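Colleague: My structure file my_file09.cif, mmCIF, C-alpha atoms; chains and numbers go by the auth columns, is below:
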data_final
loop_
_atom_site.group_PDB
_atom_site.id
_atom_site.type_symbol
_atom_site.label_atom_id
_atom_site.label_comp_id
_atom_site.label_asym_id
_atom_site.label_seq_id
_atom_site.Cartn_x
_atom_site.Cartn_y
_atom_site.Cartn_z
_atom_site.B_iso_or_equiv
_atom_site.auth_seq_id
_atom_site.auth_asym_id
ATOM 1 C CA MET A 1 -7.329 186.132 200.845 0.00 1 K
ATOM 2 C CA THR A 2 -10.648 187.584 199.728 0.00 2 K
ATOM 3 C CA LYS A 3 -11.299 191.041 198.342 0.00 3 K
ATOM 4 C CA ASN A 4 -13.717 193.489 199.947 0.00 4 K
ATOM 5 C CA ARG A 5 -16.120 194.497 197.168 0.00 5 K
ATOM 6 C CA SER A 6 -16.783 197.960 198.552 0.00 6 K
ATOM 7 C CA CYS A 7 -13.217 199.196 198.874 0.00 7 K
ATOM 8 C CA GLY A 8 -10.994 196.599 197.212 0.00 8 K
ATOM 9 C CA GLU A 9 -9.111 195.864 200.422 0.00 9 K
ATOM 10 C CA THR A 10 -7.869 192.375 201.213 0.00 10 K
ATOM 11 C CA THR A 11 -9.708 190.877 204.181 0.00 11 K
ATOM 12 C CA ALA A 12 -9.747 187.556 205.983 0.00 12 K
ATOM 13 C CA PRO A 13 -12.925 185.455 206.073 0.00 13 K
ATOM 14 C CA ARG A 14 -14.883 185.533 209.299 0.00 14 K
ATOM 15 C CA LEU A 15 -16.044 181.906 209.145 0.00 15 K
ATOM 16 C CA SER A 16 -13.981 178.858 208.180 0.00 16 K
ATOM 17 C CA ILE A 17 -15.930 175.661 207.460 0.00 17 K
ATOM 18 C CA VAL A 18 -13.746 172.568 207.878 0.00 18 K
ATOM 19 C CA ILE A 19 -14.946 169.341 206.251 0.00 19 K
ATOM 20 C CA PRO A 20 -13.040 166.104 206.938 0.00 20 K
ATOM 21 C CA ALA A 21 -13.528 163.747 204.012 0.00 21 K
ATOM 22 C CA LEU A 22 -12.534 160.336 202.704 0.00 22 K
ATOM 23 C CA ASN A 23 -14.164 158.909 199.567 0.00 23 K
ATOM 24 C CA GLU A 24 -17.286 161.052 199.869 0.00 24 K
ATOM 25 C CA GLU A 25 -17.974 161.719 196.181 0.00 25 K
ATOM 26 C CA ALA A 26 -21.597 160.609 196.515 0.00 26 K
ATOM 27 C CA LEU A 27 -22.619 163.241 199.067 0.00 27 K
ATOM 28 C CA ILE A 28 -20.023 165.998 199.403 0.00 28 K
ATOM 29 C CA GLY A 29 -21.460 167.877 196.424 0.00 29 K
ATOM 30 C CA GLU A 30 -24.806 168.407 198.166 0.00 30 K
ATOM 31 C CA THR A 31 -23.027 169.379 201.358 0.00 31 K
ATOM 32 C CA LEU A 32 -21.036 172.042 199.541 0.00 32 K
ATOM 33 C CA LYS A 33 -24.187 173.356 197.838 0.00 33 K
ATOM 34 C CA SER A 34 -25.661 174.093 201.275 0.00 34 K
ATOM 35 C CA ILE A 35 -22.830 176.534 201.999 0.00 35 K
ATOM 36 C CA ASP A 36 -23.258 180.198 201.097 0.00 36 K
ATOM 37 C CA ARG A 37 -20.175 181.262 199.174 0.00 37 K
ATOM 38 C CA ASP A 38 -19.567 184.833 200.285 0.00 38 K
ATOM 39 C CA LEU A 39 -16.614 186.956 201.274 0.00 39 K
ATOM 40 C CA GLU A 40 -16.961 186.098 204.953 0.00 40 K
ATOM 41 C CA THR A 41 -16.741 182.328 204.452 0.00 41 K
ATOM 42 C CA GLU A 42 -13.993 179.951 203.381 0.00 42 K
ATOM 43 C CA VAL A 43 -14.424 176.206 202.898 0.00 43 K
ATOM 44 C CA ILE A 44 -11.607 173.786 203.669 0.00 44 K
ATOM 45 C CA VAL A 45 -11.888 170.101 202.787 0.00 45 K
ATOM 46 C CA ALA A 46 -9.329 168.083 204.756 0.00 46 K
ATOM 47 C CA ASP A 47 -8.995 164.990 202.590 0.00 47 K
ATOM 48 C CA ALA A 48 -7.400 161.839 203.996 0.00 48 K
ATOM 49 C CA GLY A 49 -6.380 160.330 200.668 0.00 49 K
ATOM 50 C CA SER A 50 -9.618 159.790 198.762 0.00 50 K
ATOM 51 C CA THR A 51 -9.376 157.457 195.783 0.00 51 K
ATOM 52 C CA ASP A 52 -12.669 158.597 194.234 0.00 52 K
ATOM 53 C CA ALA A 53 -13.749 162.011 192.908 0.00 53 K
ATOM 54 C CA THR A 54 -14.067 163.702 196.311 0.00 54 K
ATOM 55 C CA ARG A 55 -11.206 166.126 195.703 0.00 55 K
ATOM 56 C CA HIS A 56 -12.484 166.954 192.219 0.00 56 K
ATOM 57 C CA HIS A 57 -15.991 167.774 193.485 0.00 57 K
ATOM 58 C CA ALA A 58 -14.589 169.890 196.321 0.00 58 K
ATOM 59 C CA GLU A 59 -12.262 171.881 194.087 0.00 59 K
ATOM 60 C CA ALA A 60 -14.985 172.367 191.468 0.00 60 K
ATOM 61 C CA ALA A 61 -17.185 173.878 194.194 0.00 61 K
ATOM 62 C CA GLY A 62 -14.447 176.336 195.124 0.00 62 K
ATOM 63 C CA ALA A 63 -13.255 174.666 198.326 0.00 63 K
ATOM 64 C CA ARG A 64 -9.622 174.643 199.381 0.00 64 K
ATOM 65 C CA VAL A 65 -8.526 171.008 199.554 0.00 65 K
ATOM 66 C CA LEU A 66 -5.806 169.941 201.979 0.00 66 K
ATOM 67 C CA ARG A 67 -4.118 166.569 202.228 0.00 67 K
ATOM 68 C CA ALA A 68 -4.413 165.396 205.842 0.00 68 K
ATOM 69 C CA LYS A 69 -3.445 162.335 207.831 0.00 69 K
ATOM 70 C CA PRO A 70 -6.209 159.723 208.109 0.00 70 K
ATOM 71 C CA GLY A 71 -8.546 160.030 211.075 0.00 71 K
ATOM 72 C CA ARG A 72 -11.269 162.608 211.612 0.00 72 K
ATOM 73 C CA ALA A 73 -9.472 164.229 214.555 0.00 73 K
ATOM 74 C CA ALA A 74 -6.265 164.718 212.568 0.00 74 K
ATOM 75 C CA GLN A 75 -8.208 166.003 209.575 0.00 75 K
ATOM 76 C CA MET A 76 -10.157 168.566 211.603 0.00 76 K
ATOM 77 C CA ASN A 77 -7.029 169.743 213.412 0.00 77 K
ATOM 78 C CA SER A 78 -5.254 170.178 210.069 0.00 78 K
ATOM 79 C CA GLY A 79 -8.148 172.152 208.672 0.00 79 K
ATOM 80 C CA ALA A 80 -8.325 174.321 211.773 0.00 80 K
ATOM 81 C CA ALA A 81 -4.598 175.052 211.585 0.00 81 K
ATOM 82 C CA ALA A 82 -4.965 176.200 207.969 0.00 82 K
ATOM 83 C CA ALA A 83 -8.136 178.227 208.583 0.00 83 K
ATOM 84 C CA ARG A 84 -8.024 182.016 208.377 0.00 84 K
ATOM 85 C CA GLY A 85 -11.436 182.738 209.871 0.00 85 K
ATOM 86 C CA GLU A 86 -12.066 183.822 213.439 0.00 86 K
ATOM 87 C CA ILE A 87 -14.802 181.170 213.773 0.00 87 K
ATOM 88 C CA LEU A 88 -14.438 177.470 212.948 0.00 88 K
ATOM 89 C CA LEU A 89 -17.352 175.260 211.935 0.00 89 K
ATOM 90 C CA PHE A 90 -16.676 171.516 211.660 0.00 90 K
ATOM 91 C CA LEU A 91 -19.023 169.925 209.141 0.00 91 K
ATOM 92 C CA HIS A 92 -19.337 166.252 208.218 0.00 92 K
ATOM 93 C CA ALA A 93 -19.091 165.570 204.489 0.00 93 K
ATOM 94 C CA ASP A 94 -22.587 164.029 204.470 0.00 94 K
ATOM 95 C CA THR A 95 -24.363 166.796 206.392 0.00 95 K
ATOM 96 C CA ARG A 96 -26.112 169.860 204.945 0.00 96 K
ATOM 97 C CA LEU A 97 -26.297 173.189 206.730 0.00 97 K
ATOM 98 C CA PRO A 98 -29.611 175.037 207.218 0.00 98 K
ATOM 99 C CA PRO A 99 -30.446 178.375 205.581 0.00 99 K
ATOM 100 C CA GLY A 100 -29.140 181.312 207.583 0.00 100 K
ATOM 101 C CA TYR A 101 -26.531 179.204 209.367 0.00 101 K
ATOM 102 C CA ALA A 102 -23.864 181.943 209.410 0.00 102 K
ATOM 103 C CA GLU A 103 -26.031 184.443 211.271 0.00 103 K
ATOM 104 C CA GLN A 104 -27.100 181.731 213.711 0.00 104 K
ATOM 105 C CA VAL A 105 -23.467 180.891 214.460 0.00 105 K
ATOM 106 C CA LYS A 106 -22.645 184.534 215.170 0.00 106 K
ATOM 107 C CA GLU A 107 -25.716 184.979 217.374 0.00 107 K
ATOM 108 C CA VAL A 108 -24.985 181.885 219.451 0.00 108 K
ATOM 109 C CA LEU A 109 -21.334 182.790 220.021 0.00 109 K
ATOM 110 C CA HIS A 110 -22.324 186.296 221.157 0.00 110 K
ATOM 111 C CA ARG A 111 -24.425 184.920 224.016 0.00 111 K
ATOM 112 C CA PRO A 112 -22.878 185.533 227.447 0.00 112 K
ATOM 113 C CA GLY A 113 -20.839 182.605 228.726 0.00 113 K
ATOM 114 C CA VAL A 114 -21.079 180.592 225.488 0.00 114 K
ATOM 115 C CA VAL A 115 -17.810 179.138 224.170 0.00 115 K
ATOM 116 C CA ALA A 116 -19.139 176.887 221.407 0.00 116 K
ATOM 117 C CA GLY A 117 -22.297 175.728 219.717 0.00 117 K
ATOM 118 C CA ALA A 118 -23.978 173.243 217.428 0.00 118 K
ATOM 119 C CA PHE A 119 -27.162 172.838 215.411 0.00 119 K
ATOM 120 C CA LEU A 120 -30.205 170.692 215.952 0.00 120 K
ATOM 121 C CA LEU A 121 -29.956 167.291 214.280 0.00 121 K
ATOM 122 C CA GLY A 122 -32.178 165.970 211.520 0.00 122 K
ATOM 123 C CA PHE A 123 -31.897 163.144 208.995 0.00 123 K
ATOM 124 C CA ASP A 124 -32.613 162.898 205.289 0.00 124 K
ATOM 125 C CA ASP A 125 -35.011 159.994 205.913 0.00 125 K
ATOM 126 C CA PRO A 126 -38.484 160.556 207.434 0.00 126 K
ATOM 127 C CA ARG A 127 -38.988 157.242 209.250 0.00 127 K
ATOM 128 C CA ILE A 128 -40.101 157.523 212.861 0.00 128 K
ATOM 129 C CA SER A 129 -37.137 155.594 214.300 0.00 129 K
ATOM 130 C CA LEU A 130 -34.721 158.216 212.972 0.00 130 K
ATOM 131 C CA ARG A 131 -36.914 161.043 214.216 0.00 131 K
ATOM 132 C CA LEU A 132 -36.655 159.517 217.675 0.00 132 K
ATOM 133 C CA VAL A 133 -32.878 159.261 217.369 0.00 133 K
ATOM 134 C CA ALA A 134 -32.695 162.936 216.368 0.00 134 K
ATOM 135 C CA ALA A 135 -35.039 163.966 219.194 0.00 135 K
ATOM 136 C CA GLY A 136 -32.849 162.143 221.713 0.00 136 K
ATOM 137 C CA ALA A 137 -29.711 163.795 220.356 0.00 137 K
ATOM 138 C CA ASN A 138 -31.307 167.229 220.527 0.00 138 K
ATOM 139 C CA LEU A 139 -32.482 166.711 224.105 0.00 139 K
ATOM 140 C CA ARG A 140 -28.987 165.547 225.112 0.00 140 K
ATOM 141 C CA SER A 141 -27.449 168.569 223.426 0.00 141 K
ATOM 142 C CA ARG A 142 -29.834 171.038 225.000 0.00 142 K
ATOM 143 C CA PHE A 143 -29.830 169.782 228.574 0.00 143 K
ATOM 144 C CA ARG A 144 -26.405 168.121 228.886 0.00 144 K
ATOM 145 C CA GLN A 145 -24.505 170.374 226.469 0.00 145 K
ATOM 146 C CA LEU A 146 -23.055 167.352 224.655 0.00 146 K
ATOM 147 C CA PRO A 147 -23.652 167.720 220.924 0.00 147 K
ATOM 148 C CA TYR A 148 -21.820 165.327 218.613 0.00 148 K
ATOM 149 C CA GLY A 149 -19.904 165.967 215.430 0.00 149 K
ATOM 150 C CA ASP A 150 -22.836 165.355 213.073 0.00 150 K
ATOM 151 C CA GLN A 151 -24.467 168.491 214.501 0.00 151 K
ATOM 152 C CA ALA A 152 -21.890 170.829 212.908 0.00 152 K
ATOM 153 C CA LEU A 153 -19.925 171.974 215.960 0.00 153 K
ATOM 154 C CA PHE A 154 -18.662 175.557 215.875 0.00 154 K
ATOM 155 C CA VAL A 155 -16.277 177.567 218.039 0.00 155 K
ATOM 156 C CA ARG A 156 -14.106 180.664 217.967 0.00 156 K
ATOM 157 C CA LYS A 157 -10.656 179.846 216.694 0.00 157 K
ATOM 158 C CA ASP A 158 -8.933 181.224 219.803 0.00 158 K
ATOM 159 C CA VAL A 159 -11.141 179.067 222.034 0.00 159 K
ATOM 160 C CA PHE A 160 -10.363 176.031 219.886 0.00 160 K
ATOM 161 C CA ALA A 161 -6.658 176.691 220.347 0.00 161 K
ATOM 162 C CA GLU A 162 -7.106 177.203 224.089 0.00 162 K
ATOM 163 C CA SER A 163 -8.993 173.903 224.336 0.00 163 K
ATOM 164 C CA GLY A 164 -6.101 172.043 222.733 0.00 164 K
ATOM 165 C CA GLY A 165 -8.127 170.922 219.722 0.00 165 K
ATOM 166 C CA PHE A 166 -9.205 167.343 219.076 0.00 166 K
ATOM 167 C CA ARG A 167 -7.246 164.549 220.681 0.00 167 K
ATOM 168 C CA GLN A 168 -5.788 162.061 218.217 0.00 168 K
ATOM 169 C CA LEU A 169 -8.400 159.375 218.854 0.00 169 K
ATOM 170 C CA PRO A 170 -9.778 156.842 216.356 0.00 170 K
ATOM 171 C CA VAL A 171 -13.287 157.299 217.821 0.00 171 K
ATOM 172 C CA MET A 172 -15.122 159.555 220.303 0.00 172 K
ATOM 173 C CA GLU A 173 -13.000 162.592 219.417 0.00 173 K
ATOM 174 C CA ASP A 174 -16.074 164.848 219.328 0.00 174 K
ATOM 175 C CA TYR A 175 -17.432 163.566 222.657 0.00 175 K
ATOM 176 C CA GLU A 176 -14.083 163.969 224.381 0.00 176 K
ATOM 177 C CA TRP A 177 -13.642 167.492 223.006 0.00 177 K
ATOM 178 C CA THR A 178 -17.109 168.750 223.985 0.00 178 K
ATOM 179 C CA ARG A 179 -16.596 167.426 227.511 0.00 179 K
ATOM 180 C CA ARG A 180 -13.451 169.558 227.763 0.00 180 K
ATOM 181 C CA LEU A 181 -15.249 172.562 226.292 0.00 181 K
ATOM 182 C CA ARG A 182 -17.987 172.365 228.941 0.00 182 K
ATOM 183 C CA ARG A 183 -15.339 173.146 231.556 0.00 183 K
ATOM 184 C CA MET A 184 -14.591 176.391 229.712 0.00 184 K
ATOM 185 C CA GLY A 185 -18.165 177.629 229.332 0.00 185 K
ATOM 186 C CA ARG A 186 -21.587 176.822 227.884 0.00 186 K
ATOM 187 C CA ILE A 187 -22.209 174.924 224.648 0.00 187 K
ATOM 188 C CA ALA A 188 -25.406 176.313 223.130 0.00 188 K
ATOM 189 C CA LEU A 189 -27.732 175.176 220.347 0.00 189 K
ATOM 190 C CA ALA A 190 -28.562 177.200 217.257 0.00 190 K
ATOM 191 C CA PRO A 191 -32.224 177.024 216.171 0.00 191 K
ATOM 192 C CA GLY A 192 -31.462 175.659 212.694 0.00 192 K
ATOM 193 C CA LEU A 193 -31.589 171.999 211.737 0.00 193 K
ATOM 194 C CA VAL A 194 -28.713 170.302 209.941 0.00 194 K
ATOM 195 C CA THR A 195 -29.682 167.441 207.640 0.00 195 K
ATOM 196 C CA SER A 196 -27.404 164.454 208.072 0.00 196 K
ATOM 197 C CA SER A 197 -27.322 161.350 205.894 0.00 197 K
ATOM 198 C CA ALA A 198 -29.086 158.338 207.398 0.00 198 K
ATOM 199 C CA ARG A 199 -26.965 155.911 205.348 0.00 199 K
ATOM 200 C CA ARG A 200 -25.028 154.377 208.257 0.00 200 K
ATOM 201 C CA TRP A 201 -28.148 153.978 210.360 0.00 201 K
ATOM 202 C CA LEU A 202 -29.990 152.276 207.519 0.00 202 K
ATOM 203 C CA LEU A 203 -27.063 150.083 206.515 0.00 203 K
ATOM 204 C CA HIS A 204 -26.656 148.532 209.958 0.00 204 K
ATOM 205 C CA GLY A 205 -30.161 149.087 211.318 0.00 205 K
ATOM 206 C CA VAL A 206 -31.336 151.935 213.544 0.00 206 K
ATOM 207 C CA PHE A 207 -31.658 149.770 216.660 0.00 207 K
ATOM 208 C CA ARG A 208 -28.271 148.100 216.206 0.00 208 K
ATOM 209 C CA THR A 209 -26.535 151.409 215.479 0.00 209 K
ATOM 210 C CA THR A 210 -28.114 153.087 218.501 0.00 210 K
ATOM 211 C CA LEU A 211 -27.168 150.169 220.754 0.00 211 K
ATOM 212 C CA THR A 212 -23.591 150.206 219.448 0.00 212 K
ATOM 213 C CA HIS A 213 -23.275 153.931 220.138 0.00 213 K
ATOM 214 C CA GLN A 214 -24.497 153.463 223.707 0.00 214 K
ATOM 215 C CA LEU A 215 -22.154 150.525 224.304 0.00 215 K
ATOM 216 C CA MET A 216 -19.222 152.559 223.006 0.00 216 K
ATOM 217 C CA LEU A 217 -20.182 155.474 225.237 0.00 217 K
ATOM 218 C CA TRP A 218 -20.332 153.290 228.336 0.00 218 K
ATOM 219 C CA GLY A 219 -17.157 151.514 227.287 0.00 219 K
ATOM 220 C CA TRP A 220 -15.436 154.888 227.094 0.00 220 K
ATOM 221 C CA LYS A 221 -16.672 155.855 230.554 0.00 221 K
ATOM 222 C CA LEU A 222 -15.436 152.533 231.945 0.00 222 K
ATOM 223 C CA GLY A 223 -11.968 153.048 230.498 0.00 223 K
ATOM 224 C CA VAL A 224 -12.046 150.799 227.421 0.00 224 K
ATOM 225 C CA SER A 225 -9.292 151.899 225.044 0.00 225 K
ATOM 226 C CA PRO A 226 -10.301 153.881 221.923 0.00 226 K
ATOM 227 C CA GLU A 227 -8.568 151.263 219.764 0.00 227 K
ATOM 228 C CA ARG A 228 -10.756 148.526 221.211 0.00 228 K
ATOM 229 C CA LEU A 229 -13.877 150.670 220.890 0.00 229 K
ATOM 230 C CA THR A 230 -13.123 151.047 217.187 0.00 230 K
ATOM 231 C CA ARG A 231 -13.528 147.301 216.762 0.00 231 K
ATOM 232 C CA TRP A 232 -17.036 147.491 218.233 0.00 232 K
ATOM 233 C CA ARG A 233 -18.346 149.543 215.312 0.00 233 K
ATOM 234 C CA PRO A 234 -20.357 147.749 212.605 0.00 234 K
ATOM 235 C CA ARG A 235 -18.416 147.252 209.386 0.00 235 K
ATOM 236 C CA GLY A 236 -19.576 147.844 205.847 0.00 236 K
ATOM 237 C CA LYS A 237 -19.500 150.381 203.038 0.00 237 K
ATOM 238 C CA THR A 238 -21.758 153.403 203.237 0.00 238 K
ATOM 239 C CA LYS A 239 -21.964 154.705 199.731 0.00 239 K
#
Render the structure in this file as structure tokens.
Modeller:
Amino acid sequence: MTKNRSCGETTAPRLSIVIPALNEEALIGETLKSIDRDLETEVIVADAGSTDATRHHAEAAGARVLRAKPGRAAQMNSGAAAARGEILLFLHADTRLPPGYAEQVKEVLHRPGVVAGAFLLGFDDPRISLRLVAAGANLRSRFRQLPYGDQALFVRKDVFAESGGFRQLPVMEDYEWTRRLRRMGRIALAPGLVTSSARRWLLHGVFRTTLTHQLMLWGWKLGVSPERLTRWRPRGKTK
């Protein structure tokens, strides 16, 4: 628990940031630097058995590191279960939060009818193809209320519990969860821009990655099993 500086009382953090990670030593340090370390925030890294220095970097930055079962859904559920904050923010290990993110989260969740939120998407590479990808994601999020996990999804902890959390899926866990959330209320966008790594897009090509994502989305809608969809993803290291 954290200490209240003004009166010395023990208080719980208001915001819990949950970061699922696996062998992310190259980028998790910058992600953690983007987080304001104050009394209202705790950082939980749900590690799925990293064999590099991910855990060391996380602990050195003051994060609480949990050992979780492999799979982003399982990792985020484990982090949420351990969280003490009243608000959960799920952050990818290669994504940096914008300045003032905490106040934006609070403002969005205080809007009438809003049950969850996310940030606008940006990439750490300026090429036009990635700007178009980000613009498409932001339009989808604004008008269809379907942000994805790389946009730093956030929700009140009681709403997360009511939603049932993330289903144990090897892919599409964020898409499936936001679709369920939409039935509970609105999913709104914060004005800030998260900065996500473009490494996967550049490794496999922006066009190929975009096409794969769309094929997986339509495969999901047509009832293709998540296990089969996993095999559609391009393979290769993304260091």
Colleague: Pick the closest to Arg208 (chain K) from K:Val224, K:Arg186, K:Ser129, K:Leu181: which is it, counting all atoms listed in the file?
Modeller: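 Of the candidates, the smallest distance to Arg208 (chain K) is held by K:Ser129.
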Colleague: Which polymer residues have any atom within 10 Å of an atom of Gln145 (chain K), counting only C-alpha atoms, with same-chain residues fewer than 6 positions away left out, as a list in words?
Modeller: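 Residues near the query, excluding close chain neighbours: Ala116, Gly117, Ala118, Asn138, Leu139, Thr178, Arg179, Leu181, Arg182, Arg186, Ile187, Ala188 and Leu189 of chain K.
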Colleague: What are the centre and the three edge lengths of an axis-aligned box that wraps all atoms of region 220-233 of chain K in the file, given that 3 Å is added to every side, written as AutoDock Vina command-line options and rounded to one decimal in Å?
Modeller:
--center_x -13.5 --center_y 151.6 --center_z 223.6 --size_x 15.8 --size_y 14.6 --size_z 22.6
Colleague: Of the candidates K:Ala83, K:Leu130, K:Leu109, K:Ile28, which shows the shortest atom-to-atom distance to Ala198 (chain K), using all atoms listed in the file?
Modeller: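 Using all atoms listed in the file, Ala198 (chain K) sits closest to K:Leu130.
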Colleague: Find the distance between CA of Gln151 (chain K) and CA of Leu121 (chain K) and write it in Å to one decimal.
Modeller: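 Here the two named atoms are 5.6 Å from each other.
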Colleague: Neighbours of region 153-160 of chain K within 8 Å (all atoms listed in the file; same-chain residues fewer than 3 positions away dropped), as a list in words?
Modeller: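 Surrounding residues, per the criterion: Ala80, Gly85, Glu86, Ile87, Leu88, Leu89, Phe90, Leu91, Val105, Leu109, Val115, Ala116, Gly117, Ala118, Phe119, Pro147, Tyr148, Gly149, Asp150, Ser163, Gly164 and Gly165 of chain K.
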Colleague: Just C-alpha atoms for this one: save the residues we selected as a compact mmCIF listing (two decimals), in the frame of the given file.
Modeller:
# COMPACT_ATOMS: atom_id res chain seq x y z
CA ALA K 80 -8.32 174.32 211.77
CA GLY K 85 -11.44 182.74 209.87
CA GLU K 86 -12.07 183.82 213.44
CA ILE K 87 -14.80 181.17 213.77
CA LEU K 88 -14.44 177.47 212.95
CA LEU K 89 -17.35 175.26 211.94
CA PHE K 90 -16.68 171.52 211.66
CA LEU K 91 -19.02 169.92 209.14
CA VAL K 105 -23.47 180.89 214.46
CA LEU K 109 -21.33 182.79 220.02
CA VAL K 115 -17.81 179.14 224.17
CA ALA K 116 -19.14 176.89 221.41
CA GLY K 117 -22.30 175.73 219.72
CA ALA K 118 -23.98 173.24 217.43
CA PHE K 119 -27.16 172.84 215.41
CA PRO K 147 -23.65 167.72 220.92
CA TYR K 148 -21.82 165.33 218.61
CA GLY K 149 -19.90 165.97 215.43
CA ASP K 150 -22.84 165.36 213.07
CA SER K 163 -8.99 173.90 224.34
CA GLY K 164 -6.10 172.04 222.73
CA GLY K 165 -8.13 170.92 219.72
Colleague: Please provide as a list in words all residues within 8 Å of Pro234 (chain K), with the sequence filter that same-chain residues fewer than 6 positions apart are discarded (counting only C-alpha atoms).
Modeller: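 Residues meeting the cut-off are His204, Thr209 and Thr212 of chain K.
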Colleague: Looking at K:His92, K:Arg228, K:Lys69, K:Arg64, which one is nearest to Glu42 (chain K), with distances taken over all atoms listed in the file?
Modeller: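 Nearest to Glu42 (chain K): K:Arg64.
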Colleague: By how many Å are CA of Glu24 (chain K) and CA of Thr51 (chain K) apart?
Modeller: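 Taking CA of Glu24 (chain K) as the start and CA of Thr51 (chain K) as the end point, the length is 9.6 Å.
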Colleague: Have a look at CA of Ala58 (chain K) and CA of Val108 (chain K) and let me know their distance in Å, one decimal.
Modeller: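 Going from CA of Ala58 (chain K) over to CA of Val108 (chain K) covers 28.1 Å.
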Colleague: Which residues match the PyMOL selection byres ((chain K and resi 34) around 6) in the file above, as a list of chain:residue names?
Modeller: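 Answer for the PyMOL selection byres ((chain K and resi 34) around 6): K:Thr31, K:Leu32, K:Lys33, K:Ile35, K:Arg96, K:Leu97.
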Colleague: For the file shown, report as a ChimeraX atom specification the outcome of the PyMOL selection byres ((chain K and resi 37) around 12) at residue level.
Modeller: /K:2,13,15-17,32-36,38-43,61-63,102
Colleague: Do you know which residues the PyMOL selection byres ((chain K and resi 71) around 8) returns on this file, as a PyMOL selection string?
Modeller: chain K and resi 48+69-70+72-75+168-170
Colleague: With all atoms listed in the file as the basis for distance, which of K:Thr54, K:Val65, K:Thr210, K:Leu22 is at the shortest distance from Ala137 (chain K)?
Modeller: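 Using all atoms listed in the file, the shortest distance to Ala137 (chain K) belongs to K:Thr210.
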Colleague: Identify which of the residues K:Gly219, K:Gly29, K:Gly192, K:Gly113 lies closest to Val45 (chain K), counting all atoms listed in the file when measuring atom-to-atom distances.
Modeller: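 Comparing K:Gly219, K:Gly29, K:Gly192, K:Gly113 against Val45 (chain K), the winner is K:Gly29.
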Colleague: Could you pull the residues within 9 Å of Met76 (chain K), counting all atoms listed in the file, minus those fewer than 5 positions along the same chain, as a compact mmCIF listing (two decimals) with C-alpha atoms, in the coordinates of the input?
Modeller:
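selection.txt was written with the following content:
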# COMPACT_ATOMS: atom_id res chain seq x y z
CA VAL K 18 -13.75 172.57 207.88
CA ILE K 19 -14.95 169.34 206.25
CA PRO K 20 -13.04 166.10 206.94
CA ALA K 46 -9.33 168.08 204.76
CA ALA K 68 -4.41 165.40 205.84
CA GLY K 71 -8.55 160.03 211.08
CA ALA K 81 -4.60 175.05 211.58
CA PHE K 90 -16.68 171.52 211.66
CA GLY K 165 -8.13 170.92 219.72
CA PHE K 166 -9.20 167.34 219.08
